[in-house]
$ cat run-v7.txt   # compact mmCIF, C-alpha atoms
# COMPACT_ATOMS: atom_id res chain seq x y z
CA MET A 1 13.50 168.58 -231.94
CA ASN A 2 17.05 168.44 -230.83
CA ASN A 3 16.06 166.21 -227.92
CA LYS A 4 14.43 163.77 -230.29
CA ASN A 5 17.61 163.58 -232.36
CA THR A 6 19.64 163.11 -229.29
CA ILE A 7 17.54 160.19 -228.10
CA LEU A 8 17.70 158.43 -231.50
CA LEU A 9 21.44 158.67 -231.83
CA THR A 10 21.95 157.30 -228.37
CA VAL A 11 19.85 154.23 -229.16
CA ILE A 12 21.85 153.52 -232.29
CA ALA A 13 25.15 153.95 -230.53
CA VAL A 14 24.25 151.56 -227.74
CA ALA A 15 22.98 148.92 -230.18
CA THR A 16 26.17 149.14 -232.23
CA LEU A 17 28.33 148.72 -229.15
CA LEU A 18 26.30 145.72 -228.02
CA VAL A 19 26.64 143.98 -231.39
CA ALA A 20 30.36 144.61 -231.50
CA VAL A 21 30.89 143.19 -228.02
CA VAL A 22 28.76 140.08 -228.67
CA GLY A 23 30.43 139.44 -232.03
CA ALA A 24 33.89 139.57 -230.51
CA THR A 25 32.80 137.13 -227.79
CA PHE A 26 31.46 134.65 -230.35
CA ALA A 27 34.76 134.75 -232.20
CA TYR A 28 36.66 133.99 -229.03
CA PHE A 29 34.39 131.09 -228.09
CA THR A 30 34.72 129.57 -231.55
CA VAL A 31 38.48 129.38 -231.39
CA SER A 32 38.79 128.13 -227.88
CA GLN A 33 36.22 125.36 -227.55
CA ALA A 34 37.13 122.84 -230.29
CA SER A 35 39.41 120.17 -228.95
CA GLY A 36 40.21 116.46 -228.96
CA THR A 37 41.86 113.92 -231.21
CA ALA A 38 40.80 110.77 -233.00
CA ASN A 39 43.70 108.46 -233.78
CA THR A 40 43.22 104.86 -234.90
CA THR A 41 45.68 102.04 -235.49
CA VAL A 42 44.58 99.03 -237.54
CA THR A 43 46.77 95.95 -237.19
CA ALA A 44 46.34 93.35 -239.89
CA LYS A 45 48.09 90.01 -239.89
CA ALA A 46 47.95 87.17 -242.38
CA GLU A 47 48.73 83.79 -240.86
CA ALA A 48 51.75 82.10 -242.35
CA VAL A 49 51.19 79.01 -244.45
CA GLY A 50 52.71 75.87 -242.94
CA SER A 51 55.26 73.81 -244.87
CA VAL A 52 54.93 70.06 -245.34
CA VAL A 53 57.69 67.56 -245.96
CA LEU A 54 57.19 63.96 -247.02
CA ASP A 55 60.04 61.59 -246.50
CA ASN A 56 60.90 57.97 -245.95
CA ALA A 57 61.18 57.13 -242.32
CA ASP A 58 64.59 55.66 -243.08
CA ASN A 59 63.04 52.28 -243.06
CA ASN A 60 64.12 50.07 -245.88
CA LEU A 61 62.83 46.60 -245.38
CA VAL A 62 64.16 43.12 -245.83
CA LEU A 63 62.33 39.81 -246.04
CA GLU A 64 64.45 36.68 -246.39
CA VAL A 65 63.14 33.17 -245.94
CA THR A 66 65.13 30.00 -245.56
CA ALA A 67 64.39 26.74 -247.24
CA GLN A 68 63.41 25.39 -243.83
CA GLU A 69 60.94 28.20 -243.35
CA MET A 70 59.42 27.42 -246.72
CA ALA A 71 59.30 23.61 -246.06
CA GLN A 72 56.08 21.72 -246.34
CA GLY A 73 54.05 21.81 -243.18
CA ASN A 74 55.42 25.13 -242.18
CA GLU A 75 52.42 27.13 -243.20
CA LYS A 76 53.18 30.58 -242.09
CA LYS A 77 53.36 34.11 -243.27
CA TYR A 78 56.72 35.74 -243.10
CA TYR A 79 56.86 39.52 -242.83
CA ALA A 80 59.51 42.00 -243.78
CA VAL A 81 61.58 43.67 -241.06
CA LYS A 82 63.69 46.83 -241.02
CA SER A 83 66.94 46.30 -242.78
CA GLY A 84 69.89 46.07 -240.48
CA THR A 85 68.09 44.02 -237.87
CA ALA A 86 69.50 40.63 -236.98
CA ALA A 87 66.38 38.74 -237.99
CA LYS A 88 65.60 38.60 -241.66
CA ASN A 89 61.89 38.22 -241.24
CA SER A 90 59.19 38.15 -238.64
CA THR A 91 56.06 36.15 -238.09
CA ASP A 92 54.20 38.83 -236.18
CA GLY A 93 52.48 41.21 -238.55
CA THR A 94 53.51 44.60 -237.23
CA PRO A 95 53.30 47.30 -239.93
CA ILE A 96 56.41 49.40 -240.36
CA SER A 97 56.42 53.12 -241.18
CA ILE A 98 57.69 53.64 -244.74
CA ALA A 99 56.64 57.30 -245.34
CA LYS A 100 56.09 60.27 -243.07
CA ALA A 101 54.45 63.64 -243.73
CA THR A 102 55.48 66.41 -241.31
CA ILE A 103 54.13 69.94 -241.13
CA SER A 104 55.95 72.99 -239.75
CA ASN A 105 54.13 76.07 -238.43
CA PRO A 106 50.59 74.87 -239.01
CA GLY A 107 49.18 77.71 -236.94
CA GLU A 108 45.50 77.23 -236.33
CA SER A 109 44.76 75.68 -239.69
CA THR A 110 44.24 72.04 -240.65
CA TYR A 111 45.96 70.87 -243.80
CA THR A 112 44.85 68.00 -246.01
CA CYS A 113 47.76 66.57 -247.95
CA THR A 114 47.74 63.79 -250.52
CA ALA A 115 50.43 61.71 -252.11
CA THR A 116 50.20 58.90 -254.66
CA PHE A 117 52.12 55.80 -253.71
CA THR A 118 53.30 53.34 -256.36
CA VAL A 119 54.31 49.76 -255.65
CA ALA A 120 56.72 48.09 -258.01
CA ALA A 121 58.38 44.70 -257.93
CA SER A 122 61.49 43.52 -259.72
CA GLY A 123 64.11 40.80 -259.43
CA ASN A 124 64.07 37.18 -260.56
CA MET A 125 61.28 36.32 -258.14
CA ALA A 126 58.91 38.91 -259.55
CA GLU A 127 57.82 36.77 -262.52
CA ALA A 128 57.69 33.57 -260.46
CA LEU A 129 55.26 34.80 -257.89
CA GLU A 130 51.75 33.45 -258.09
CA GLU A 131 48.68 35.20 -256.77
CA GLY A 132 48.61 35.04 -253.00
CA ASP A 133 52.33 34.29 -252.58
CA ALA A 134 53.39 37.82 -251.59
CA LYS A 135 51.68 41.09 -250.94
CA VAL A 136 51.99 44.59 -249.50
CA VAL A 137 49.34 45.96 -247.12
CA LEU A 138 49.43 49.72 -246.53
CA SER A 139 47.82 51.33 -243.48
CA GLY A 140 47.86 54.66 -241.66
CA ALA A 141 47.42 57.52 -244.12
CA ALA A 142 46.89 54.96 -246.88
CA ASN A 143 44.66 51.92 -246.74
CA ASP A 144 45.16 49.45 -249.55
CA GLU A 145 46.52 46.07 -250.48
CA PHE A 146 48.69 44.96 -253.38
CA ASP A 147 49.33 41.42 -254.59
CA LEU A 148 52.91 41.32 -255.79
CA SER A 149 52.37 38.71 -258.52
CA ALA A 150 53.14 40.17 -261.91
CA ASP A 151 49.62 39.81 -263.21
CA LYS A 152 47.98 41.41 -260.22
CA LEU A 153 50.50 44.17 -259.84
CA GLY A 154 49.92 45.01 -263.45
CA GLU A 155 46.26 45.54 -262.67
CA LYS A 156 46.77 47.70 -259.63
CA SER A 157 49.93 49.32 -258.41
CA THR A 158 48.99 52.77 -257.03
CA THR A 159 47.01 54.24 -254.19
CA VAL A 160 46.49 57.71 -252.71
CA ALA A 161 47.48 58.46 -249.14
CA THR A 162 45.71 61.30 -247.30
CA PHE A 163 47.40 63.08 -244.39
CA GLU A 164 45.39 65.36 -242.06
CA LEU A 165 47.92 67.63 -240.39
CA SER A 166 47.49 70.37 -237.81
CA ALA A 167 48.94 71.70 -234.60
CA GLY A 168 49.13 68.72 -232.28
CA ASN A 169 48.99 66.37 -235.28
CA GLU A 170 52.10 67.45 -237.06
CA THR A 171 53.13 63.99 -238.31
CA LYS A 172 51.24 61.23 -240.08
CA ASP A 173 52.64 57.95 -241.42
CA VAL A 174 52.05 55.44 -244.09
CA LYS A 175 52.86 51.96 -242.79
CA ALA A 176 53.54 48.81 -244.78
CA LEU A 177 53.29 45.14 -244.01
CA VAL A 178 55.13 43.14 -246.66
CA SER A 179 54.58 39.42 -246.54
CA LEU A 180 55.63 36.20 -248.21
CA GLU A 181 53.48 33.18 -247.47
CA ASN A 182 54.30 29.54 -247.20
CA ARG A 183 50.96 28.32 -248.54
CA ASN A 184 51.46 24.61 -247.96
CA ALA A 185 51.67 24.14 -251.69
CA GLU A 186 54.69 23.51 -253.80
CA GLN A 187 56.47 26.84 -254.26
CA ASN A 188 59.81 25.65 -255.60
CA GLU A 189 59.71 28.32 -258.27
CA LEU A 190 60.56 30.84 -255.59
CA ALA A 191 63.57 29.04 -254.22
CA GLY A 192 66.87 30.88 -254.66
CA LYS A 193 65.23 33.90 -256.12
CA GLN A 194 65.13 37.54 -255.07
CA LEU A 195 62.36 40.09 -255.15
CA ASP A 196 62.95 43.83 -254.92
CA VAL A 197 59.87 45.84 -253.96
CA THR A 198 59.79 49.62 -254.06
CA ILE A 199 57.05 51.69 -252.48
CA SER A 200 57.46 55.27 -253.54
CA ALA A 201 55.70 58.66 -253.60
CA ASP A 202 57.24 61.40 -255.72
CA SER A 203 55.36 64.42 -254.35
CA ILE A 204 52.84 65.63 -251.83
CA THR A 205 50.26 68.36 -252.31
CA CYS A 206 48.35 70.13 -249.55
CA SER A 207 45.31 72.34 -249.20
CA ILE A 208 44.18 74.33 -246.19
CA ASN A 209 40.84 73.26 -244.79
CA GLU A 210 38.12 75.95 -244.59
CA GLN A 211 37.33 76.74 -240.96
CA MET B 1 -12.72 213.29 -252.50
CA ASP B 2 -12.05 210.22 -254.56
CA ASN B 3 -8.50 210.13 -253.41
CA GLU B 4 -9.54 210.34 -249.88
CA ASN B 5 -12.06 207.59 -250.35
CA ASN B 6 -9.43 205.47 -251.98
CA ASN B 7 -7.08 206.11 -249.21
CA ASN B 8 -9.66 205.16 -246.69
CA LYS B 9 -10.29 201.92 -248.53
CA ASN B 10 -6.69 201.27 -248.57
CA VAL B 11 -6.38 201.99 -244.98
CA ILE B 12 -9.23 199.66 -244.25
CA LEU B 13 -7.82 196.98 -246.45
CA LEU B 14 -4.47 197.28 -244.98
CA THR B 15 -5.91 197.25 -241.57
CA VAL B 16 -7.88 194.19 -242.39
CA ILE B 17 -4.82 192.60 -243.75
CA ALA B 18 -2.83 193.80 -240.84
CA VAL B 19 -5.42 192.62 -238.39
CA ALA B 20 -5.79 189.32 -240.21
CA THR B 21 -2.09 189.00 -240.24
CA LEU B 22 -1.87 189.91 -236.61
CA LEU B 23 -4.64 187.46 -235.83
CA VAL B 24 -2.95 184.71 -237.75
CA ALA B 25 0.33 185.54 -236.16
CA VAL B 26 -1.19 185.61 -232.73
CA VAL B 27 -3.08 182.41 -233.34
CA GLY B 28 -0.06 180.82 -234.94
CA ALA B 29 2.07 181.99 -232.11
CA THR B 30 -0.48 180.66 -229.71
CA PHE B 31 -0.47 177.27 -231.51
CA ALA B 32 3.21 177.31 -231.46
CA TYR B 33 3.26 178.10 -227.88
CA PHE B 34 0.68 175.50 -227.17
CA THR B 35 2.51 173.00 -229.23
CA VAL B 36 5.69 173.50 -227.34
CA ASN B 37 3.85 173.55 -224.09
CA ASN B 38 2.04 170.28 -224.88
CA ALA B 39 5.18 168.24 -225.79
CA SER B 40 5.91 166.25 -222.72
CA GLY B 41 6.12 162.72 -221.31
CA GLN B 42 8.83 160.14 -221.46
CA ALA B 43 9.92 157.26 -223.73
CA ASN B 44 12.10 154.81 -221.93
CA THR B 45 13.15 151.59 -223.62
CA THR B 46 14.97 148.69 -222.17
CA VAL B 47 17.11 146.63 -224.51
CA THR B 48 17.98 143.22 -223.26
CA ALA B 49 20.73 141.56 -225.26
CA LYS B 50 21.57 137.93 -224.79
CA ALA B 51 24.35 136.03 -226.47
CA GLU B 52 23.44 132.41 -227.15
CA ALA B 53 25.82 130.09 -225.44
CA VAL B 54 28.51 128.36 -227.51
CA ALA B 55 29.15 124.81 -226.43
CA ALA B 56 32.46 123.06 -226.53
CA VAL B 57 32.84 120.52 -229.33
CA THR B 58 35.17 117.60 -228.83
CA LEU B 59 36.67 115.05 -231.19
CA SER B 60 37.25 111.49 -230.04
CA ASN B 61 37.63 107.93 -231.26
CA PRO B 62 34.68 105.94 -229.85
CA THR B 63 35.87 102.56 -231.15
CA GLY B 64 39.56 102.50 -230.39
CA ASN B 65 42.05 100.55 -232.41
CA LEU B 66 41.06 97.85 -234.89
CA LYS B 67 42.44 94.51 -235.98
CA LEU B 68 42.08 92.39 -239.07
CA ASN B 69 43.84 89.05 -238.80
CA VAL B 70 43.28 86.32 -241.34
CA SER B 71 44.23 82.67 -241.05
CA ALA B 72 45.80 80.54 -243.74
CA ALA B 73 42.49 78.70 -244.08
CA GLU B 74 40.58 81.94 -244.57
CA MET B 75 42.98 82.85 -247.33
CA SER B 76 42.87 79.41 -248.97
CA GLU B 77 41.94 79.01 -252.60
CA GLU B 78 38.35 77.91 -252.08
CA ASN B 79 37.54 80.69 -249.67
CA VAL B 80 37.05 83.73 -251.91
CA LYS B 81 35.75 86.36 -249.48
CA THR B 82 36.35 89.83 -248.14
CA TYR B 83 37.35 90.13 -244.50
CA TYR B 84 36.74 93.29 -242.45
CA ALA B 85 38.43 94.73 -239.39
CA VAL B 86 36.89 94.43 -235.92
CA LYS B 87 37.58 96.18 -232.62
CA HIS B 88 40.97 95.30 -231.22
CA ASP B 89 39.40 93.58 -228.18
CA ALA B 90 36.82 91.54 -230.12
CA LEU B 91 36.89 87.78 -229.68
CA GLU B 92 36.99 87.17 -233.40
CA ASN B 93 39.92 88.21 -235.57
CA ASN B 94 37.81 89.57 -238.41
CA THR B 95 34.29 89.57 -239.76
CA THR B 96 32.70 88.96 -243.14
CA THR B 97 29.94 91.47 -242.36
CA ASN B 98 30.65 94.85 -243.92
CA THR B 99 29.69 97.09 -241.00
CA ALA B 100 31.70 100.29 -240.84
CA LEU B 101 32.97 101.35 -237.42
CA PRO B 102 33.03 104.93 -236.06
CA ILE B 103 36.66 106.02 -235.73
CA ALA B 104 36.19 109.77 -235.29
CA ARG B 105 33.28 111.41 -233.48
CA ALA B 106 32.52 115.10 -233.02
CA THR B 107 30.26 115.77 -230.03
CA VAL B 108 28.59 118.99 -228.91
CA GLY B 109 28.97 119.45 -225.17
CA GLU B 110 26.17 120.17 -222.73
CA GLY B 111 25.34 123.71 -221.73
CA GLU B 112 22.35 125.85 -220.98
CA GLY B 113 21.32 127.90 -223.95
CA THR B 114 23.38 125.94 -226.48
CA GLU B 115 20.47 124.19 -228.11
CA LYS B 116 20.12 126.41 -231.14
CA THR B 117 23.76 126.92 -231.95
CA GLN B 118 24.97 125.26 -235.12
CA TYR B 119 28.57 124.34 -235.90
CA THR B 120 30.66 123.34 -238.85
CA CYS B 121 33.74 121.45 -237.71
CA THR B 122 36.57 120.02 -239.77
CA VAL B 123 39.57 117.79 -239.27
CA ASP B 124 42.06 116.19 -241.64
CA LEU B 125 42.56 112.44 -241.21
CA THR B 126 45.86 111.11 -242.52
CA VAL B 127 46.15 107.43 -243.49
CA ALA B 128 49.52 105.70 -243.60
CA ALA B 129 50.50 102.03 -243.92
CA SER B 130 53.62 100.25 -242.68
CA GLY B 131 54.80 96.73 -241.85
CA SER B 132 56.06 93.84 -243.93
CA MET B 133 52.77 93.56 -245.81
CA ALA B 134 52.69 97.21 -246.84
CA SER B 135 55.24 96.88 -249.62
CA VAL B 136 53.79 93.68 -251.09
CA LEU B 137 50.10 94.53 -251.14
CA LYS B 138 48.69 94.68 -254.64
CA GLU B 139 45.98 97.04 -255.80
CA GLY B 140 42.56 95.90 -254.71
CA GLU B 141 43.73 93.59 -251.91
CA ALA B 142 43.25 95.94 -248.95
CA LYS B 143 41.46 99.25 -248.59
CA ILE B 144 39.69 101.66 -246.25
CA VAL B 145 36.29 103.14 -247.11
CA PHE B 146 35.36 106.27 -245.15
CA THR B 147 31.71 107.29 -244.79
CA GLY B 148 29.72 109.68 -242.67
CA ALA B 149 31.48 113.00 -242.16
CA ALA B 150 34.18 111.93 -244.63
CA ASN B 151 33.69 110.14 -247.91
CA LYS B 152 36.68 108.53 -249.57
CA THR B 153 38.05 105.12 -250.53
CA ILE B 154 41.77 104.57 -250.03
CA ASP B 155 43.60 101.60 -251.53
CA LEU B 156 46.33 100.50 -249.12
CA SER B 157 48.75 99.10 -251.72
CA ALA B 158 52.09 100.88 -251.83
CA ASP B 159 51.51 102.03 -255.40
CA GLN B 160 48.17 103.60 -254.60
CA LEU B 161 48.94 104.99 -251.13
CA SER B 162 52.35 106.50 -252.01
CA GLY B 163 53.32 107.22 -248.42
CA ASN B 164 50.14 108.59 -246.97
CA GLU B 165 46.82 110.09 -247.97
CA THR B 166 44.60 112.64 -246.30
CA VAL B 167 40.83 112.86 -246.17
CA THR B 168 38.99 115.89 -244.79
CA ALA B 169 36.04 115.26 -242.49
CA THR B 170 33.32 117.89 -242.15
CA PHE B 171 30.89 117.65 -239.24
CA ASN B 172 27.63 119.64 -239.26
CA LEU B 173 26.39 119.78 -235.68
CA ASP B 174 23.88 121.54 -233.51
CA GLY B 175 22.95 121.50 -229.86
CA THR B 176 19.70 119.60 -230.28
CA SER B 177 19.15 117.02 -233.00
CA GLN B 178 22.66 116.67 -234.36
CA LYS B 179 24.85 116.61 -231.29
CA THR B 180 27.00 113.76 -232.55
CA VAL B 181 28.40 113.10 -236.01
CA ASP B 182 30.80 110.29 -236.92
CA VAL B 183 33.39 109.36 -239.46
CA ASN B 184 33.02 105.62 -240.11
CA ALA B 185 35.72 103.34 -241.49
CA LEU B 186 35.45 99.96 -243.19
CA VAL B 187 38.88 98.32 -243.39
CA SER B 188 39.06 95.24 -245.59
CA LEU B 189 41.42 92.53 -246.84
CA GLU B 190 40.24 90.43 -249.73
CA ASN B 191 40.86 86.81 -250.58
CA LYS B 192 40.82 87.18 -254.33
CA ASN B 193 40.50 84.20 -256.61
CA SER B 194 44.24 84.22 -257.31
CA GLU B 195 47.41 83.20 -255.54
CA GLN B 196 48.23 85.60 -252.71
CA ASN B 197 51.12 83.85 -251.00
CA HIS B 198 53.00 87.17 -250.87
CA LEU B 199 50.76 88.12 -247.95
CA ALA B 200 51.28 84.96 -245.90
CA GLY B 201 53.00 85.61 -242.59
CA GLN B 202 53.07 89.37 -243.14
CA THR B 203 51.74 92.15 -240.96
CA LEU B 204 50.27 95.49 -241.91
CA GLU B 205 49.84 98.48 -239.63
CA VAL B 206 47.54 101.24 -240.78
CA THR B 207 47.40 104.49 -238.83
CA ILE B 208 44.61 107.04 -239.15
CA THR B 209 45.78 110.22 -237.47
CA SER B 210 43.67 113.32 -236.86
CA GLY B 211 45.08 116.79 -237.46
CA ASP B 212 43.87 120.06 -235.98
CA PHE B 213 40.18 119.99 -235.13
CA SER B 214 38.43 123.33 -235.55
CA CYS B 215 34.84 124.54 -235.43
CA GLU B 216 33.02 127.60 -236.68
CA LEU B 217 29.53 128.75 -236.10
CA LYS B 218 27.41 127.87 -239.08
CA GLN B 219 26.59 130.80 -241.28

$ encode --input "run-v7.txt" --output "structure tokens"
Amino acid sequence: MNNKNTILLTVIAVATLLVAVVGATFAYFTVSQASGTANTTVTAKAEAVGSVVLDNADNNLVLEVTAQEMAQGNEKKYYAVKSGTAAKNSTDGTPISIAKATISNPGESTYTCTATFTVAASGNMAEALEEGDAKVVLSGAANDEFDLSADKLGEKSTTVATFELSAGNETKDVKALVSLENRNAEQNELAGKQLDVTISADSITCSINEQ
Amino acid sequence: MDNENNNNKNVILLTVIAVATLLVAVVGATFAYFTVNNASGQANTTVTAKAEAVAAVTLSNPTGNLKLNVSAAEMSEENVKTYYAVKHDALENNTTTNTALPIARATVGEGEGTEKTQYTCTVDLTVAASGSMASVLKEGEAKIVFTGAANKTIDLSADQLSGNETVTATFNLDGTSQKTVDVNALVSLENKNSEQNHLAGQTLEVTITSGDFSCELKQ
């Protein structure tokens, strides 16, 4: 009987020791085998919005005709030139820049900008003009034509210029060709008179084109 | 005469009893003797104990850093969308597809005998925002949504983030069918239908930093 008891106790003792040793080993493995890191940096950047400026290209114009130039048989068109030049008119119709839109820092975006241009005429020639005597032709960012006679200008005096600006295309112009025509018809009512024409745009608004 | 007879009976009875007793004792003694003599043999048992292997578990970032750059056109008035971060080396600067990216991955290492072991691992991920955009972001403009081993949405505006915020990730792994578990992140910047010029030209840097990574055997 005593031998039986002895055998049983020995089995229990060995099992207990085995469990204790294995448990301690598990605890050690748990602590030692978890490692590593996971760090992430997210960089976000919002592109700056470009700024647009509209200004006059410092080009006021002048168009003066002499009596000789307006004599019968001298059928020509006389065009305005930049003020300050020696000649007071020109007979070659080269449009002159009268407004410029310039963008800074466009980035990768394309901007569509619009401005409304208004043509006005004043001076003692304004009422004497007949249809066809004088006109303004806009080109570049604006494409339109205005007859400067009082009646016609009263019907239409504005137009919208559209500027497409982007990197590499930072500047766009509106050009004007202002003309007075010797129409081989009696135009004495214009003699000795002066016409002041203003072409103006008060503001420019821009939107960014969807890519 | 009677007394003598009685005595004889008694003697006989006692003898019988005595003999019976002696017989029983002898037989019992013989049994006992036999019993002791017949207890023999051996009982040997072998106990084989085996401790299941414990694999190493590692934490890593499988995606790397992210970027989320938006152009002025993407943030223009007509373009009301949500833009999501992409890998830092992606060709595009952002995406409009809301696919979360794994930014923390717990992986059970290889090892013989590790197949049945199960683990519960945890790590704290701390989110912080800096840069010129951080202080001007408004609620709802930029956020991070964590899924997978962590589940939390963090608004990145200064008012909501208040310095930094921590999310705890818990990975349940084993050596066979669940050897890899991820924390996924969806980082977004939204073009809301309102003027957001305060973000133009600004940069935002968001860091997601892991703390101590620890694992326990699953109970």

$ residues_near_point --input "run-v7.txt" --point "(70.8, 38.8, -251.5)" --cutoff "12 Å" --atoms "all atoms listed in the file" --output "ChimeraX atom specification"
/A:62-65,88,123-125,192-196

$ atom_distance --input "run-v7.txt" --atom1 "atom CA of A:Tyr79" --atom2 "atom CA of A:Ala191"
16.9 Å

$ interface_residues --input "run-v7.txt" --of "chain B" --to "chain A" --cutoff "7 Å" --atoms "all atoms listed in the file" --output "PDB file with C-alpha atoms, in the frame of the given file"
ATOM      1  CA  ALA B  51      24.350 136.030-226.470  1.00  0.00           C
ATOM      2  CA  VAL B  54      28.510 128.360-227.510  1.00  0.00           C
ATOM      3  CA  ALA B  56      32.460 123.060-226.530  1.00  0.00           C
ATOM      4  CA  VAL B  57      32.840 120.520-229.330  1.00  0.00           C
ATOM      5  CA  THR B  58      35.170 117.600-228.830  1.00  0.00           C
ATOM      6  CA  LEU B  59      36.670 115.050-231.190  1.00  0.00           C
ATOM      7  CA  SER B  60      37.250 111.490-230.040  1.00  0.00           C
ATOM      8  CA  ASN B  61      37.630 107.930-231.260  1.00  0.00           C
ATOM      9  CA  GLY B  64      39.560 102.500-230.390  1.00  0.00           C
ATOM     10  CA  ASN B  65      42.050 100.550-232.410  1.00  0.00           C
ATOM     11  CA  LEU B  66      41.060  97.850-234.890  1.00  0.00           C
ATOM     12  CA  LYS B  67      42.440  94.510-235.980  1.00  0.00           C
ATOM     13  CA  LEU B  68      42.080  92.390-239.070  1.00  0.00           C
ATOM     14  CA  ASN B  69      43.840  89.050-238.800  1.00  0.00           C
ATOM     15  CA  VAL B  70      43.280  86.320-241.340  1.00  0.00           C
ATOM     16  CA  SER B  71      44.230  82.670-241.050  1.00  0.00           C
ATOM     17  CA  ALA B  72      45.800  80.540-243.740  1.00  0.00           C
ATOM     18  CA  ALA B  73      42.490  78.700-244.080  1.00  0.00           C
ATOM     19  CA  GLU B  74      40.580  81.940-244.570  1.00  0.00           C
ATOM     20  CA  SER B  76      42.870  79.410-248.970  1.00  0.00           C
ATOM     21  CA  ASN B  79      37.540  80.690-249.670  1.00  0.00           C
ATOM     22  CA  ILE B 103      36.660 106.020-235.730  1.00  0.00           C
ATOM     23  CA  ALA B 104      36.190 109.770-235.290  1.00  0.00           C
ATOM     24  CA  LEU B 199      50.760  88.120-247.950  1.00  0.00           C
ATOM     25  CA  ALA B 200      51.280  84.960-245.900  1.00  0.00           C
ATOM     26  CA  GLY B 201      53.000  85.610-242.590  1.00  0.00           C
ATOM     27  CA  GLN B 202      53.070  89.370-243.140  1.00  0.00           C
ATOM     28  CA  THR B 203      51.740  92.150-240.960  1.00  0.00           C
ATOM     29  CA  LEU B 204      50.270  95.490-241.910  1.00  0.00           C
ATOM     30  CA  GLU B 205      49.840  98.480-239.630  1.00  0.00           C
ATOM     31  CA  VAL B 206      47.540 101.240-240.780  1.00  0.00           C
ATOM     32  CA  THR B 207      47.400 104.490-238.830  1.00  0.00           C
ATOM     33  CA  ILE B 208      44.610 107.040-239.150  1.00  0.00           C
ATOM     34  CA  THR B 209      45.780 110.220-237.470  1.00  0.00           C
ATOM     35  CA  SER B 210      43.670 113.320-236.860  1.00  0.00           C
ATOM     36  CA  PHE B 213      40.180 119.990-235.130  1.00  0.00           C
ATOM     37  CA  SER B 214      38.430 123.330-235.550  1.00  0.00           C
ATOM     38  CA  CYS B 215      34.840 124.540-235.430  1.00  0.00           C
ATOM     39  CA  GLU B 216      33.020 127.600-236.680  1.00  0.00           C
ATOM     40  CA  LEU B 217      29.530 128.750-236.100  1.00  0.00           C
TER      41      LEU B 217
END

$ atom_distance --input "run-v7.txt" --atom1 "atom CA of B:Asp124" --atom2 "atom CA of B:Thr95"
27.8 Å

$ atom_distance --input "run-v7.txt" --atom1 "atom CA of A:Thr66" --atom2 "atom CA of A:Ala86"
14.3 Å

$ closest_residue --input "run-v7.txt" --among "A:Asn60, A:Asn105, A:Ser51, A:Thr159" --to "A:Thr85" --atoms "only C-alpha atoms"
A:Asn60

$ closest_residue --input "run-v7.txt" --among "A:Ala185, A:Ile199, A:Val178, A:Ala141" --to "A:Thr112" --atoms "only C-alpha atoms"
A:Ala141

$ residues_around --input "run-v7.txt" --residues "A:Ala201" --least-positions-apart "2" --cutoff "9 Å" --atoms "only C-alpha atoms" --output "list in words"
Leu54, Asp55, Ala99, Ala115, Thr116, Phe117, Thr118, Ile199, Ser203 and Ile204 of chain A

$ residues_around --input "run-v7.txt" --residues "A:Ser157" --least-positions-apart "2" --cutoff "7 Å" --atoms "only C-alpha atoms" --output "PDB file with C-alpha atoms, keeping the file's coordinate frame"
ATOM      1  CA  THR A 118      53.300  53.340-256.360  1.00  0.00           C
ATOM      2  CA  VAL A 119      54.310  49.760-255.650  1.00  0.00           C
ATOM      3  CA  ALA A 120      56.720  48.090-258.010  1.00  0.00           C
ATOM      4  CA  PHE A 146      48.690  44.960-253.380  1.00  0.00           C
ATOM      5  CA  LEU A 153      50.500  44.170-259.840  1.00  0.00           C
ATOM      6  CA  GLY A 154      49.920  45.010-263.450  1.00  0.00           C
ATOM      7  CA  GLU A 155      46.260  45.540-262.670  1.00  0.00           C
TER       8      GLU A 155
END

$ residues_around --input "run-v7.txt" --residues "B:Gly140" --least-positions-apart "2" --cutoff "10 Å" --atoms "only C-alpha atoms" --output "list in words"
Leu137, Lys138, Ala142, Lys143, Ile154, Asp155, Leu156, Ser157, Gln160, Ser188, Leu189, Glu190 and Lys192 of chain B

$ build_atoms --input "run-v7.txt" --residues "stretch 124-130 of chain B" --atoms "N, CA and C atoms" --output "CSV table (one decimal), in the coordinates of the input"
chain,number,residue,atom,x,y,z
B,124,ASP,N,41.4,117.0,-240.6
B,124,ASP,CA,42.1,116.2,-241.6
B,124,ASP,C,42.5,114.9,-241.0
B,125,LEU,N,42.1,113.8,-241.7
B,125,LEU,CA,42.6,112.4,-241.2
B,125,LEU,C,43.6,111.9,-242.2
B,126,THR,N,44.8,111.6,-241.7
B,126,THR,CA,45.9,111.1,-242.5
B,126,THR,C,46.0,109.6,-242.4
B,127,VAL,N,46.0,108.9,-243.5
B,127,VAL,CA,46.2,107.4,-243.5
B,127,VAL,C,47.5,107.0,-244.0
B,128,ALA,N,48.2,106.2,-243.2
B,128,ALA,CA,49.5,105.7,-243.6
B,128,ALA,C,49.6,104.2,-243.3
B,129,ALA,N,50.4,103.5,-244.1
B,129,ALA,CA,50.5,102.0,-243.9
B,129,ALA,C,52.0,101.7,-243.8
B,130,SER,N,52.2,100.7,-242.9
B,130,SER,CA,53.6,100.2,-242.7
B,130,SER,C,53.6,98.8,-242.3
